[in-house]
Amino acid sequence: MKKTAAAILAALMLLSLPACGSRQSAGPEPAQSQSQPAQSAQSSQSSQSSQSSQTAAGSVQAQTETTADPQVTYQDVFYGDSVEETASYTFTVPAFTLADAAATAKINQFYTDLANQVIDYTQKTVYQKAMSLSVVGLLDGTSDVAVKDGVITVVFKVTVTYGNNEETETHTRTDTFDAGTGECTGTVKS
């Protein structure tokens, strides 16, 4: 019963992450200290530099990707760290370069905020559940990007595993953005 309640609580917390256009009040900083990421990809994208300086992570690696739309490029930014020896996370989120600097800043802020929420989720929810089960909790996340007809679609999938696959939770969100403005036009969570 406790495991079921904890799984439902964890799913609700991840699904409660803000959707497109919603605002979340600034809360306290997570207890775990976080270091600034260092990007190893091309630094000619000044908008990427400003985005990455606002992002917190244990370690970051990036690789530039091109899309079918020459006005849209992105880097997969990898995050990885652990909370003591009880919980860890590894995931990627995209960092975009769009034709308009303001649009670039808007979409990248969305994914900076999402990355920080996933880190916070690991530090609080995954860590606490792993401690209560006396196992290790591992969060693994991926993002897939598609661009078609001026619409950017990002599918972000997170899988949390406790112990030796004793319990697994999977959460997926699909966000769509206008490539010209960087505005989020929709979010679907499952």
# chains A, B, ... in the order shown; residues from 1 in each chain; ligands from 1
>>> residues_around(residues="His171 in chain A", least_positions_apart="5", cutoff="6 Å", atoms="only C-alpha atoms", output="list in words")
Lys157, Val158 and Ser190 of chain A
>>> residues_around(residues="range 87-102 of chain A", least_positions_apart="5", cutoff="6 Å", atoms="only C-alpha atoms", output="ChimeraX atom specification")
/A:71-82,108,127,136-143
>>> closest_residue(among="A:Thr112, A:Asn164, A:Thr170, A:Thr187", to="Ser134 in chain A", atoms="only C-alpha atoms")
A:Asn164
>>> closest_residue(among="A:Val135, A:Lys189, A:Ala115, A:Gly180", to="Asn165 in chain A", atoms="only C-alpha atoms")
A:Val135
>>> closest_residue(among="A:Thr181, A:Glu167, A:Asp175, A:Val147", to="Tyr111 in chain A", atoms="only C-alpha atoms")
A:Asp175
>>> select_by_dssp(residues="range 62-146 of chain A", states="strand (DSSP E or B)", output="PDB file with all heavy atoms, in the first residue's frame")
ATOM      1  N   ALA A  62      27.381  18.765 -24.561  1.00  0.00           N
ATOM      2  CA  ALA A  62      26.458  19.208 -25.599  1.00  0.00           C
ATOM      3  C   ALA A  62      27.016  18.882 -26.972  1.00  0.00           C
ATOM      4  O   ALA A  62      28.215  18.885 -27.183  1.00  0.00           O
ATOM      5  CB  ALA A  62      26.224  20.717 -25.479  1.00  0.00           C
ATOM      6  N   GLN A  63      26.102  18.608 -27.889  1.00  0.00           N
ATOM      7  CA  GLN A  63      26.461  18.339 -29.265  1.00  0.00           C
ATOM      8  C   GLN A  63      25.434  19.032 -30.141  1.00  0.00           C
ATOM      9  O   GLN A  63      24.237  18.837 -29.974  1.00  0.00           O
ATOM     10  CB  GLN A  63      26.463  16.829 -29.521  1.00  0.00           C
ATOM     11  CG  GLN A  63      26.767  16.471 -30.948  1.00  0.00           C
ATOM     12  CD  GLN A  63      26.787  14.970 -31.135  1.00  0.00           C
ATOM     13  OE1 GLN A  63      26.937  14.209 -30.193  1.00  0.00           O
ATOM     14  NE2 GLN A  63      26.631  14.544 -32.359  1.00  0.00           N
ATOM     15  N   THR A  64      25.884  19.848 -31.101  1.00  0.00           N
ATOM     16  CA  THR A  64      24.972  20.592 -31.952  1.00  0.00           C
ATOM     17  C   THR A  64      24.304  19.675 -32.966  1.00  0.00           C
ATOM     18  O   THR A  64      24.947  18.840 -33.576  1.00  0.00           O
ATOM     19  CB  THR A  64      25.722  21.721 -32.687  1.00  0.00           C
ATOM     20  OG1 THR A  64      26.317  22.575 -31.708  1.00  0.00           O
ATOM     21  CG2 THR A  64      24.784  22.530 -33.563  1.00  0.00           C
ATOM     22  N   GLU A  65      23.003  19.850 -33.114  1.00  0.00           N
ATOM     23  CA  GLU A  65      22.209  19.092 -34.078  1.00  0.00           C
ATOM     24  C   GLU A  65      21.564  20.078 -35.037  1.00  0.00           C
ATOM     25  O   GLU A  65      21.218  21.186 -34.656  1.00  0.00           O
ATOM     26  CB  GLU A  65      21.092  18.312 -33.363  1.00  0.00           C
ATOM     27  CG  GLU A  65      21.565  17.363 -32.295  1.00  0.00           C
ATOM     28  CD  GLU A  65      22.176  16.100 -32.872  1.00  0.00           C
ATOM     29  OE1 GLU A  65      21.846  15.738 -34.007  1.00  0.00           O
ATOM     30  OE2 GLU A  65      22.985  15.481 -32.169  1.00  0.00           O
ATOM     31  N   THR A  66      21.387  19.682 -36.266  1.00  0.00           N
ATOM     32  CA  THR A  66      20.649  20.500 -37.212  1.00  0.00           C
ATOM     33  C   THR A  66      19.296  19.855 -37.437  1.00  0.00           C
ATOM     34  O   THR A  66      19.093  18.679 -37.174  1.00  0.00           O
ATOM     35  CB  THR A  66      21.393  20.623 -38.557  1.00  0.00           C
ATOM     36  OG1 THR A  66      21.614  19.314 -39.076  1.00  0.00           O
ATOM     37  CG2 THR A  66      22.715  21.344 -38.391  1.00  0.00           C
ATOM     38  N   THR A  73      18.406  25.278 -34.903  1.00  0.00           N
ATOM     39  CA  THR A  73      19.417  24.293 -34.514  1.00  0.00           C
ATOM     40  C   THR A  73      19.299  24.120 -33.005  1.00  0.00           C
ATOM     41  O   THR A  73      18.731  24.964 -32.309  1.00  0.00           O
ATOM     42  CB  THR A  73      20.859  24.729 -34.876  1.00  0.00           C
ATOM     43  OG1 THR A  73      21.150  25.947 -34.199  1.00  0.00           O
ATOM     44  CG2 THR A  73      21.030  24.923 -36.372  1.00  0.00           C
ATOM     45  N   TYR A  74      19.830  23.025 -32.518  1.00  0.00           N
ATOM     46  CA  TYR A  74      19.775  22.797 -31.081  1.00  0.00           C
ATOM     47  C   TYR A  74      20.944  21.934 -30.655  1.00  0.00           C
ATOM     48  O   TYR A  74      21.599  21.307 -31.478  1.00  0.00           O
ATOM     49  CB  TYR A  74      18.448  22.153 -30.658  1.00  0.00           C
ATOM     50  CG  TYR A  74      18.294  20.718 -31.091  1.00  0.00           C
ATOM     51  CD1 TYR A  74      18.599  19.670 -30.228  1.00  0.00           C
ATOM     52  CD2 TYR A  74      17.845  20.402 -32.368  1.00  0.00           C
ATOM     53  CE1 TYR A  74      18.466  18.347 -30.623  1.00  0.00           C
ATOM     54  CE2 TYR A  74      17.696  19.082 -32.766  1.00  0.00           C
ATOM     55  CZ  TYR A  74      18.004  18.064 -31.899  1.00  0.00           C
ATOM     56  OH  TYR A  74      17.874  16.768 -32.289  1.00  0.00           O
ATOM     57  N   GLN A  75      21.179  21.955 -29.363  1.00  0.00           N
ATOM     58  CA  GLN A  75      22.178  21.096 -28.743  1.00  0.00           C
ATOM     59  C   GLN A  75      21.464  20.250 -27.700  1.00  0.00           C
ATOM     60  O   GLN A  75      20.615  20.748 -26.970  1.00  0.00           O
ATOM     61  CB  GLN A  75      23.256  21.913 -28.029  1.00  0.00           C
ATOM     62  CG  GLN A  75      24.097  22.753 -28.940  1.00  0.00           C
ATOM     63  CD  GLN A  75      25.135  23.540 -28.162  1.00  0.00           C
ATOM     64  OE1 GLN A  75      24.909  23.896 -27.020  1.00  0.00           O
ATOM     65  NE2 GLN A  75      26.254  23.800 -28.788  1.00  0.00           N
ATOM     66  N   ASP A  76      21.812  18.968 -27.640  1.00  0.00           N
ATOM     67  CA  ASP A  76      21.349  18.130 -26.544  1.00  0.00           C
ATOM     68  C   ASP A  76      22.277  18.409 -25.379  1.00  0.00           C
ATOM     69  O   ASP A  76      23.478  18.192 -25.475  1.00  0.00           O
ATOM     70  CB  ASP A  76      21.425  16.651 -26.907  1.00  0.00           C
ATOM     71  CG  ASP A  76      20.226  16.194 -27.709  1.00  0.00           C
ATOM     72  OD1 ASP A  76      19.128  16.740 -27.515  1.00  0.00           O
ATOM     73  OD2 ASP A  76      20.398  15.283 -28.519  1.00  0.00           O
ATOM     74  N   VAL A  77      21.732  18.911 -24.301  1.00  0.00           N
ATOM     75  CA  VAL A  77      22.526  19.228 -23.119  1.00  0.00           C
ATOM     76  C   VAL A  77      22.293  18.128 -22.091  1.00  0.00           C
ATOM     77  O   VAL A  77      21.161  17.877 -21.682  1.00  0.00           O
ATOM     78  CB  VAL A  77      22.147  20.609 -22.543  1.00  0.00           C
ATOM     79  CG1 VAL A  77      22.997  20.933 -21.325  1.00  0.00           C
ATOM     80  CG2 VAL A  77      22.306  21.689 -23.614  1.00  0.00           C
ATOM     81  N   PHE A  78      23.356  17.458 -21.692  1.00  0.00           N
ATOM     82  CA  PHE A  78      23.301  16.321 -20.776  1.00  0.00           C
ATOM     83  C   PHE A  78      23.519  16.805 -19.347  1.00  0.00           C
ATOM     84  O   PHE A  78      24.428  17.576 -19.068  1.00  0.00           O
ATOM     85  CB  PHE A  78      24.385  15.308 -21.144  1.00  0.00           C
ATOM     86  CG  PHE A  78      24.557  14.202 -20.147  1.00  0.00           C
ATOM     87  CD1 PHE A  78      23.749  13.088 -20.190  1.00  0.00           C
ATOM     88  CD2 PHE A  78      25.524  14.279 -19.157  1.00  0.00           C
ATOM     89  CE1 PHE A  78      23.902  12.061 -19.274  1.00  0.00           C
ATOM     90  CE2 PHE A  78      25.684  13.268 -18.232  1.00  0.00           C
ATOM     91  CZ  PHE A  78      24.866  12.154 -18.293  1.00  0.00           C
ATOM     92  N   TYR A  79      22.681  16.320 -18.437  1.00  0.00           N
ATOM     93  CA  TYR A  79      22.809  16.605 -17.018  1.00  0.00           C
ATOM     94  C   TYR A  79      23.027  15.289 -16.285  1.00  0.00           C
ATOM     95  O   TYR A  79      22.360  14.302 -16.585  1.00  0.00           O
ATOM     96  CB  TYR A  79      21.533  17.252 -16.463  1.00  0.00           C
ATOM     97  CG  TYR A  79      21.269  18.630 -16.978  1.00  0.00           C
ATOM     98  CD1 TYR A  79      20.693  18.824 -18.226  1.00  0.00           C
ATOM     99  CD2 TYR A  79      21.600  19.737 -16.226  1.00  0.00           C
ATOM    100  CE1 TYR A  79      20.452  20.095 -18.711  1.00  0.00           C
ATOM    101  CE2 TYR A  79      21.355  21.014 -16.692  1.00  0.00           C
ATOM    102  CZ  TYR A  79      20.784  21.177 -17.936  1.00  0.00           C
ATOM    103  OH  TYR A  79      20.555  22.438 -18.395  1.00  0.00           O
ATOM    104  N   GLY A  80      23.917  15.263 -15.336  1.00  0.00           N
ATOM    105  CA  GLY A  80      24.132  14.064 -14.542  1.00  0.00           C
ATOM    106  C   GLY A  80      24.778  14.387 -13.216  1.00  0.00           C
ATOM    107  O   GLY A  80      25.728  15.163 -13.174  1.00  0.00           O
ATOM    108  N   ASP A  81      24.237  13.834 -12.156  1.00  0.00           N
ATOM    109  CA  ASP A  81      24.793  14.026 -10.824  1.00  0.00           C
ATOM    110  C   ASP A  81      24.083  13.051  -9.888  1.00  0.00           C
ATOM    111  O   ASP A  81      23.187  12.325 -10.307  1.00  0.00           O
ATOM    112  CB  ASP A  81      24.585  15.467 -10.348  1.00  0.00           C
ATOM    113  CG  ASP A  81      25.604  15.904  -9.304  1.00  0.00           C
ATOM    114  OD1 ASP A  81      26.434  15.080  -8.872  1.00  0.00           O
ATOM    115  OD2 ASP A  81      25.557  17.080  -8.909  1.00  0.00           O
ATOM    116  N   SER A  82      24.481  13.055  -8.635  1.00  0.00           N
ATOM    117  CA  SER A  82      23.832  12.176  -7.664  1.00  0.00           C
ATOM    118  C   SER A  82      23.540  12.939  -6.385  1.00  0.00           C
ATOM    119  O   SER A  82      24.134  13.974  -6.105  1.00  0.00           O
ATOM    120  CB  SER A  82      24.702  10.959  -7.370  1.00  0.00           C
ATOM    121  OG  SER A  82      25.925  11.357  -6.814  1.00  0.00           O
ATOM    122  N   VAL A  83      22.599  12.405  -5.630  1.00  0.00           N
ATOM    123  CA  VAL A  83      22.240  12.930  -4.325  1.00  0.00           C
ATOM    124  C   VAL A  83      22.733  11.882  -3.337  1.00  0.00           C
ATOM    125  O   VAL A  83      22.162  10.794  -3.244  1.00  0.00           O
ATOM    126  CB  VAL A  83      20.722  13.126  -4.193  1.00  0.00           C
ATOM    127  CG1 VAL A  83      20.385  13.728  -2.834  1.00  0.00           C
ATOM    128  CG2 VAL A  83      20.181  13.969  -5.327  1.00  0.00           C
ATOM    129  N   ALA A  87      20.343   8.492  -4.699  1.00  0.00           N
ATOM    130  CA  ALA A  87      19.592   8.825  -5.913  1.00  0.00           C
ATOM    131  C   ALA A  87      20.523   9.512  -6.907  1.00  0.00           C
ATOM    132  O   ALA A  87      21.445  10.225  -6.520  1.00  0.00           O
ATOM    133  CB  ALA A  87      18.417   9.740  -5.575  1.00  0.00           C
ATOM    134  N   SER A  88      20.274   9.280  -8.184  1.00  0.00           N
ATOM    135  CA  SER A  88      21.055   9.964  -9.211  1.00  0.00           C
ATOM    136  C   SER A  88      20.165  10.270 -10.402  1.00  0.00           C
ATOM    137  O   SER A  88      19.091   9.693 -10.558  1.00  0.00           O
ATOM    138  CB  SER A  88      22.254   9.126  -9.642  1.00  0.00           C
ATOM    139  OG  SER A  88      21.832   7.961 -10.303  1.00  0.00           O
ATOM    140  N   TYR A  89      20.639  11.207 -11.229  1.00  0.00           N
ATOM    141  CA  TYR A  89      19.897  11.559 -12.433  1.00  0.00           C
ATOM    142  C   TYR A  89      20.850  11.707 -13.608  1.00  0.00           C
ATOM    143  O   TYR A  89      21.993  12.117 -13.454  1.00  0.00           O
ATOM    144  CB  TYR A  89      19.089  12.856 -12.240  1.00  0.00           C
ATOM    145  CG  TYR A  89      19.920  14.070 -11.872  1.00  0.00           C
ATOM    146  CD1 TYR A  89      20.517  14.856 -12.855  1.00  0.00           C
ATOM    147  CD2 TYR A  89      20.078  14.444 -10.548  1.00  0.00           C
ATOM    148  CE1 TYR A  89      21.267  15.978 -12.518  1.00  0.00           C
ATOM    149  CE2 TYR A  89      20.822  15.555 -10.201  1.00  0.00           C
ATOM    150  CZ  TYR A  89      21.411  16.330 -11.192  1.00  0.00           C
ATOM    151  OH  TYR A  89      22.155  17.433 -10.860  1.00  0.00           O
ATOM    152  N   THR A  90      20.355  11.326 -14.751  1.00  0.00           N
ATOM    153  CA  THR A  90      20.998  11.611 -16.033  1.00  0.00           C
ATOM    154  C   THR A  90      19.855  11.907 -17.001  1.00  0.00           C
ATOM    155  O   THR A  90      18.884  11.151 -17.071  1.00  0.00           O
ATOM    156  CB  THR A  90      21.836  10.428 -16.574  1.00  0.00           C
ATOM    157  OG1 THR A  90      21.002   9.293 -16.718  1.00  0.00           O
ATOM    158  CG2 THR A  90      22.994  10.110 -15.653  1.00  0.00           C
ATOM    159  N   PHE A  91      19.940  13.026 -17.689  1.00  0.00           N
ATOM    160  CA  PHE A  91      18.913  13.363 -18.670  1.00  0.00           C
ATOM    161  C   PHE A  91      19.449  14.411 -19.630  1.00  0.00           C
ATOM    162  O   PHE A  91      20.481  15.037 -19.378  1.00  0.00           O
ATOM    163  CB  PHE A  91      17.619  13.848 -17.997  1.00  0.00           C
ATOM    164  CG  PHE A  91      17.741  15.124 -17.213  1.00  0.00           C
ATOM    165  CD1 PHE A  91      17.467  16.352 -17.790  1.00  0.00           C
ATOM    166  CD2 PHE A  91      18.110  15.097 -15.875  1.00  0.00           C
ATOM    167  CE1 PHE A  91      17.565  17.524 -17.059  1.00  0.00           C
ATOM    168  CE2 PHE A  91      18.210  16.255 -15.126  1.00  0.00           C
ATOM    169  CZ  PHE A  91      17.942  17.479 -15.722  1.00  0.00           C
ATOM    170  N   THR A  92      18.765  14.562 -20.754  1.00  0.00           N
ATOM    171  CA  THR A  92      19.120  15.595 -21.722  1.00  0.00           C
ATOM    172  C   THR A  92      17.911  16.482 -21.971  1.00  0.00           C
ATOM    173  O   THR A  92      16.767  16.014 -21.931  1.00  0.00           O
ATOM    174  CB  THR A  92      19.580  15.004 -23.078  1.00  0.00           C
ATOM    175  OG1 THR A  92      18.524  14.237 -23.630  1.00  0.00           O
ATOM    176  CG2 THR A  92      20.828  14.160 -22.925  1.00  0.00           C
ATOM    177  N   VAL A  93      18.187  17.748 -22.186  1.00  0.00           N
ATOM    178  CA  VAL A  93      17.178  18.692 -22.658  1.00  0.00           C
ATOM    179  C   VAL A  93      17.808  19.470 -23.809  1.00  0.00           C
ATOM    180  O   VAL A  93      19.023  19.622 -23.875  1.00  0.00           O
ATOM    181  CB  VAL A  93      16.692  19.668 -21.557  1.00  0.00           C
ATOM    182  CG1 VAL A  93      15.931  18.942 -20.465  1.00  0.00           C
ATOM    183  CG2 VAL A  93      17.816  20.488 -20.993  1.00  0.00           C
ATOM    184  N   PRO A  94      16.982  19.968 -24.722  1.00  0.00           N
ATOM    185  CA  PRO A  94      17.541  20.723 -25.840  1.00  0.00           C
ATOM    186  C   PRO A  94      17.813  22.176 -25.465  1.00  0.00           C
ATOM    187  O   PRO A  94      17.141  22.748 -24.609  1.00  0.00           O
ATOM    188  CB  PRO A  94      16.437  20.637 -26.894  1.00  0.00           C
ATOM    189  CG  PRO A  94      15.177  20.487 -26.105  1.00  0.00           C
ATOM    190  CD  PRO A  94      15.553  19.713 -24.874  1.00  0.00           C
ATOM    191  N   ALA A  95      18.830  22.744 -26.097  1.00  0.00           N
ATOM    192  CA  ALA A  95      19.115  24.181 -26.027  1.00  0.00           C
ATOM    193  C   ALA A  95      19.120  24.659 -27.470  1.00  0.00           C
ATOM    194  O   ALA A  95      19.918  24.195 -28.281  1.00  0.00           O
ATOM    195  CB  ALA A  95      20.452  24.439 -25.353  1.00  0.00           C
ATOM    196  N   PHE A  96      18.212  25.560 -27.798  1.00  0.00           N
ATOM    197  CA  PHE A  96      17.961  25.949 -29.189  1.00  0.00           C
ATOM    198  C   PHE A  96      18.674  27.221 -29.595  1.00  0.00           C
ATOM    199  O   PHE A  96      18.968  28.080 -28.767  1.00  0.00           O
ATOM    200  CB  PHE A  96      16.456  26.165 -29.406  1.00  0.00           C
ATOM    201  CG  PHE A  96      15.660  24.905 -29.367  1.00  0.00           C
ATOM    202  CD1 PHE A  96      15.101  24.454 -28.189  1.00  0.00           C
ATOM    203  CD2 PHE A  96      15.475  24.159 -30.518  1.00  0.00           C
ATOM    204  CE1 PHE A  96      14.360  23.283 -28.142  1.00  0.00           C
ATOM    205  CE2 PHE A  96      14.738  22.988 -30.484  1.00  0.00           C
ATOM    206  CZ  PHE A  96      14.181  22.545 -29.294  1.00  0.00           C
ATOM    207  N   THR A  97      18.891  27.350 -30.893  1.00  0.00           N
ATOM    208  CA  THR A  97      19.237  28.610 -31.533  1.00  0.00           C
ATOM    209  C   THR A  97      18.209  28.804 -32.639  1.00  0.00           C
ATOM    210  O   THR A  97      18.115  27.982 -33.553  1.00  0.00           O
ATOM    211  CB  THR A  97      20.653  28.587 -32.131  1.00  0.00           C
ATOM    212  OG1 THR A  97      21.592  28.341 -31.086  1.00  0.00           O
ATOM    213  CG2 THR A  97      20.981  29.905 -32.809  1.00  0.00           C
ATOM    214  N   GLY A 137      17.721   5.025  -6.149  1.00  0.00           N
ATOM    215  CA  GLY A 137      16.780   5.531  -7.145  1.00  0.00           C
ATOM    216  C   GLY A 137      17.534   6.162  -8.299  1.00  0.00           C
ATOM    217  O   GLY A 137      18.425   6.981  -8.086  1.00  0.00           O
ATOM    218  N   LEU A 138      17.195   5.770  -9.507  1.00  0.00           N
ATOM    219  CA  LEU A 138      17.863   6.294 -10.700  1.00  0.00           C
ATOM    220  C   LEU A 138      16.842   6.942 -11.625  1.00  0.00           C
ATOM    221  O   LEU A 138      15.866   6.305 -12.023  1.00  0.00           O
ATOM    222  CB  LEU A 138      18.568   5.159 -11.456  1.00  0.00           C
ATOM    223  CG  LEU A 138      19.544   4.320 -10.660  1.00  0.00           C
ATOM    224  CD1 LEU A 138      19.993   3.112 -11.466  1.00  0.00           C
ATOM    225  CD2 LEU A 138      20.735   5.165 -10.249  1.00  0.00           C
ATOM    226  N   LEU A 139      17.068   8.202 -11.974  1.00  0.00           N
ATOM    227  CA  LEU A 139      16.215   8.907 -12.913  1.00  0.00           C
ATOM    228  C   LEU A 139      16.978   9.020 -14.223  1.00  0.00           C
ATOM    229  O   LEU A 139      18.111   9.489 -14.247  1.00  0.00           O
ATOM    230  CB  LEU A 139      15.856  10.299 -12.395  1.00  0.00           C
ATOM    231  CG  LEU A 139      14.955  11.132 -13.300  1.00  0.00           C
ATOM    232  CD1 LEU A 139      13.965  11.927 -12.459  1.00  0.00           C
ATOM    233  CD2 LEU A 139      15.735  12.051 -14.206  1.00  0.00           C
ATOM    234  N   ASP A 140      16.367   8.581 -15.311  1.00  0.00           N
ATOM    235  CA  ASP A 140      16.970   8.663 -16.638  1.00  0.00           C
ATOM    236  C   ASP A 140      15.981   9.365 -17.552  1.00  0.00           C
ATOM    237  O   ASP A 140      14.807   8.975 -17.614  1.00  0.00           O
ATOM    238  CB  ASP A 140      17.279   7.257 -17.165  1.00  0.00           C
ATOM    239  CG  ASP A 140      17.945   7.282 -18.523  1.00  0.00           C
ATOM    240  OD1 ASP A 140      18.892   8.072 -18.712  1.00  0.00           O
ATOM    241  OD2 ASP A 140      17.506   6.517 -19.412  1.00  0.00           O
ATOM    242  N   GLY A 141      16.441  10.395 -18.244  1.00  0.00           N
ATOM    243  CA  GLY A 141      15.545  11.143 -19.113  1.00  0.00           C
ATOM    244  C   GLY A 141      16.142  11.400 -20.476  1.00  0.00           C
ATOM    245  O   GLY A 141      17.357  11.544 -20.617  1.00  0.00           O
ATOM    246  N   THR A 142      15.282  11.448 -21.474  1.00  0.00           N
ATOM    247  CA  THR A 142      15.704  11.736 -22.844  1.00  0.00           C
ATOM    248  C   THR A 142      14.780  12.780 -23.449  1.00  0.00           C
ATOM    249  O   THR A 142      13.630  12.935 -23.021  1.00  0.00           O
ATOM    250  CB  THR A 142      15.657  10.477 -23.727  1.00  0.00           C
ATOM    251  OG1 THR A 142      14.313   9.975 -23.743  1.00  0.00           O
ATOM    252  CG2 THR A 142      16.604   9.399 -23.223  1.00  0.00           C
ATOM    253  N   SER A 143      15.285  13.473 -24.446  1.00  0.00           N
ATOM    254  CA  SER A 143      14.444  14.405 -25.188  1.00  0.00           C
ATOM    255  C   SER A 143      14.670  14.170 -26.678  1.00  0.00           C
ATOM    256  O   SER A 143      15.793  13.947 -27.118  1.00  0.00           O
ATOM    257  CB  SER A 143      14.758  15.860 -24.819  1.00  0.00           C
ATOM    258  OG  SER A 143      16.101  16.174 -25.072  1.00  0.00           O
ATOM    259  N   ASP A 144      13.572  14.187 -27.415  1.00  0.00           N
ATOM    260  CA  ASP A 144      13.616  14.048 -28.866  1.00  0.00           C
ATOM    261  C   ASP A 144      12.981  15.282 -29.480  1.00  0.00           C
ATOM    262  O   ASP A 144      11.896  15.709 -29.064  1.00  0.00           O
ATOM    263  CB  ASP A 144      12.853  12.795 -29.312  1.00  0.00           C
ATOM    264  CG  ASP A 144      13.531  11.519 -28.846  1.00  0.00           C
ATOM    265  OD1 ASP A 144      14.746  11.386 -29.070  1.00  0.00           O
ATOM    266  OD2 ASP A 144      12.843  10.678 -28.243  1.00  0.00           O
ATOM    267  N   VAL A 145      13.662  15.854 -30.498  1.00  0.00           N
ATOM    268  CA  VAL A 145      13.219  17.093 -31.116  1.00  0.00           C
ATOM    269  C   VAL A 145      12.834  16.833 -32.567  1.00  0.00           C
ATOM    270  O   VAL A 145      13.544  16.125 -33.284  1.00  0.00           O
ATOM    271  CB  VAL A 145      14.344  18.159 -31.072  1.00  0.00           C
ATOM    272  CG1 VAL A 145      13.926  19.430 -31.802  1.00  0.00           C
ATOM    273  CG2 VAL A 145      14.735  18.460 -29.642  1.00  0.00           C
ATOM    274  N   ALA A 146      11.724  17.429 -32.986  1.00  0.00           N
ATOM    275  CA  ALA A 146      11.302  17.394 -34.385  1.00  0.00           C
ATOM    276  C   ALA A 146      10.848  18.795 -34.772  1.00  0.00           C
ATOM    277  O   ALA A 146      10.264  19.513 -33.952  1.00  0.00           O
ATOM    278  CB  ALA A 146      10.172  16.398 -34.591  1.00  0.00           C
TER     279      ALA A 146
END
